[in-house]
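Okay, structure first, notes after.
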Amino acid sequence: MTGNEAIEQFMAYLLQHERSQKTLIGYQSDLLGYQRYYEAHANVGWIVEQTQTEDLEAYLQYIKLERHLKAGTYNRILYGFRSFFRFCTRKGICPHNIAEPLESIRYSRPERRIPDTQELESFIRHIERPLMQMVAWTLYYSGLRIAECLHLTMGDVDFAHRQILVRQGKGNKDRIVPLAEKLYPLLWSYRQEFRSGASETERFFATEASGQLSSTLVNKVFHETSERMKRTNPVTAHQ
């Protein structure tokens, strides 16, 4: 089976099992990166079942030594290989998982410093765009992940019962989050001023142009705010 065919089947499998869009894009990008490398060096198309462990090792050494990728990126690509060839083994495309013997790189993660309450509140007040500031207050008071927050619809924020319905959050499960006392008036004012005409199914946080909001844009604004405040540890939204 060609690389393109196997990757397409793998993507369909991940989508069927409700893996995140970020995971799908990452795996697809890494596998296509290997395919380009293989075809450039072997001068033939990539046939998945003919792949050997040594082929993957050569590629991993290439990205480590010549492309100078960090250990975290190296390991992510390795884990993607393991998942892909595990899938190929189950589907009978490959006789066994050739990526299983490959070893990851051990490294120590830098300790992440979490800003205290006063720092976070000061940071949020320095955000210049009202929409992004409201997203920040919601993340702060609710504890939602950025994806959960940005996927809220108008109907998910229940002002009458003072609660937020998070659909398919962590573990793909729905849950109810209390609407914090300090967050309630902020969201109510935002809704009345910016989203009063929105239907129940429209996104709660949205730009006028797109009707939605991306985590990339939110983190871009957070990063710009951190730079403007000259923070040594930029604030980012919890994924």
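Chains: A, B, ... in order of the structure tokens. Residues: from 1 per chain. Ligands: from 1, in order shown.
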
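Among the residues of range 3-229 of chain A, backbone DSSP assigns strand (DSSP E or B) to A:Ile47, A:Thr153, A:Val157, A:Asp158, A:Gln163, A:Ile164, A:Leu165, A:Val166, A:Arg175, A:Ile176, A:Val177, A:Pro178, A:Arg203.
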
Residues just named, written with N, CA, C and O atoms as a compact mmCIF listing (two decimals), in the first residue's frame:
```txt
# COMPACT_ATOMS: atom_id res chain seq x y z
N ILE A 47 6.26 2.57 -0.16
CA ILE A 47 5.36 1.44 0.03
C ILE A 47 5.43 1.06 1.51
O ILE A 47 6.49 0.62 1.98
N THR A 153 -21.45 27.48 22.84
CA THR A 153 -22.48 28.18 22.06
C THR A 153 -23.25 29.11 23.00
O THR A 153 -23.11 29.04 24.23
N VAL A 157 -24.23 28.64 27.72
CA VAL A 157 -24.06 29.52 28.88
C VAL A 157 -25.46 29.83 29.43
O VAL A 157 -26.21 30.62 28.85
N ASP A 158 -25.80 29.16 30.50
CA ASP A 158 -27.15 29.23 31.08
C ASP A 158 -27.16 30.24 32.23
O ASP A 158 -26.79 29.92 33.37
N GLN A 163 -24.89 28.40 35.15
CA GLN A 163 -24.00 27.28 34.85
C GLN A 163 -23.60 27.28 33.38
O GLN A 163 -24.25 27.91 32.54
N ILE A 164 -22.51 26.59 33.11
CA ILE A 164 -22.00 26.46 31.74
C ILE A 164 -21.95 24.98 31.38
O ILE A 164 -21.43 24.17 32.14
N LEU A 165 -22.51 24.65 30.23
CA LEU A 165 -22.46 23.27 29.74
C LEU A 165 -21.25 23.13 28.83
O LEU A 165 -21.16 23.80 27.79
N VAL A 166 -20.31 22.27 29.22
CA VAL A 166 -19.13 21.99 28.40
C VAL A 166 -19.38 20.69 27.67
O VAL A 166 -19.51 19.63 28.28
N ARG A 175 -19.94 18.04 30.74
CA ARG A 175 -19.96 18.35 32.17
C ARG A 175 -20.54 19.74 32.40
O ARG A 175 -20.58 20.56 31.48
N ILE A 176 -21.00 19.95 33.61
CA ILE A 176 -21.56 21.24 34.01
C ILE A 176 -20.55 21.98 34.88
O ILE A 176 -20.01 21.41 35.83
N VAL A 177 -20.30 23.23 34.55
CA VAL A 177 -19.39 24.06 35.33
C VAL A 177 -20.19 25.24 35.90
O VAL A 177 -20.88 25.93 35.15
N PRO A 178 -20.14 25.45 37.22
CA PRO A 178 -20.87 26.58 37.80
C PRO A 178 -20.38 27.91 37.23
O PRO A 178 -19.19 28.08 36.98
N ARG A 203 -21.67 30.48 18.19
CA ARG A 203 -20.59 30.51 19.17
C ARG A 203 -20.76 31.70 20.12
O ARG A 203 -21.12 32.79 19.70
```

Of the candidates A:Ile124, A:Leu187, A:Ile146, A:Ala237, which one gets nearest to Asn219 in chain A if we count only C-alpha atoms?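 Among the listed residues, the smallest separation from Asn219 in chain A belongs to A:Ala237.
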
List the spatial neighbours of Gln50 in chain A as a count of residues only - criterion: any atom at most 12 Å away, only C-alpha atoms, same-chain residues fewer than 4 positions off excluded. 17

DSSP alpha helix (DSSP H) residues within chain A, as a PyMOL selection string: chain A and resi 3-16+21-42+53-65+71-90+117-125+130-142+146-150+183-194+215-228

Under the rule that only C-alpha atoms are counted, which of A:Leu60, A:Leu131, A:Leu15, A:Ala42 is the nearest residue to Thr207 in chain A?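 Among the listed residues, A:Leu131 lies closest to Thr207 in chain A.
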
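Proximity to Leu120 in chain A was assessed for A:Leu213, A:Ala12, A:Glu103, A:Tyr141 counting only C-alpha atoms; the smallest distance is recorded for A:Tyr141.
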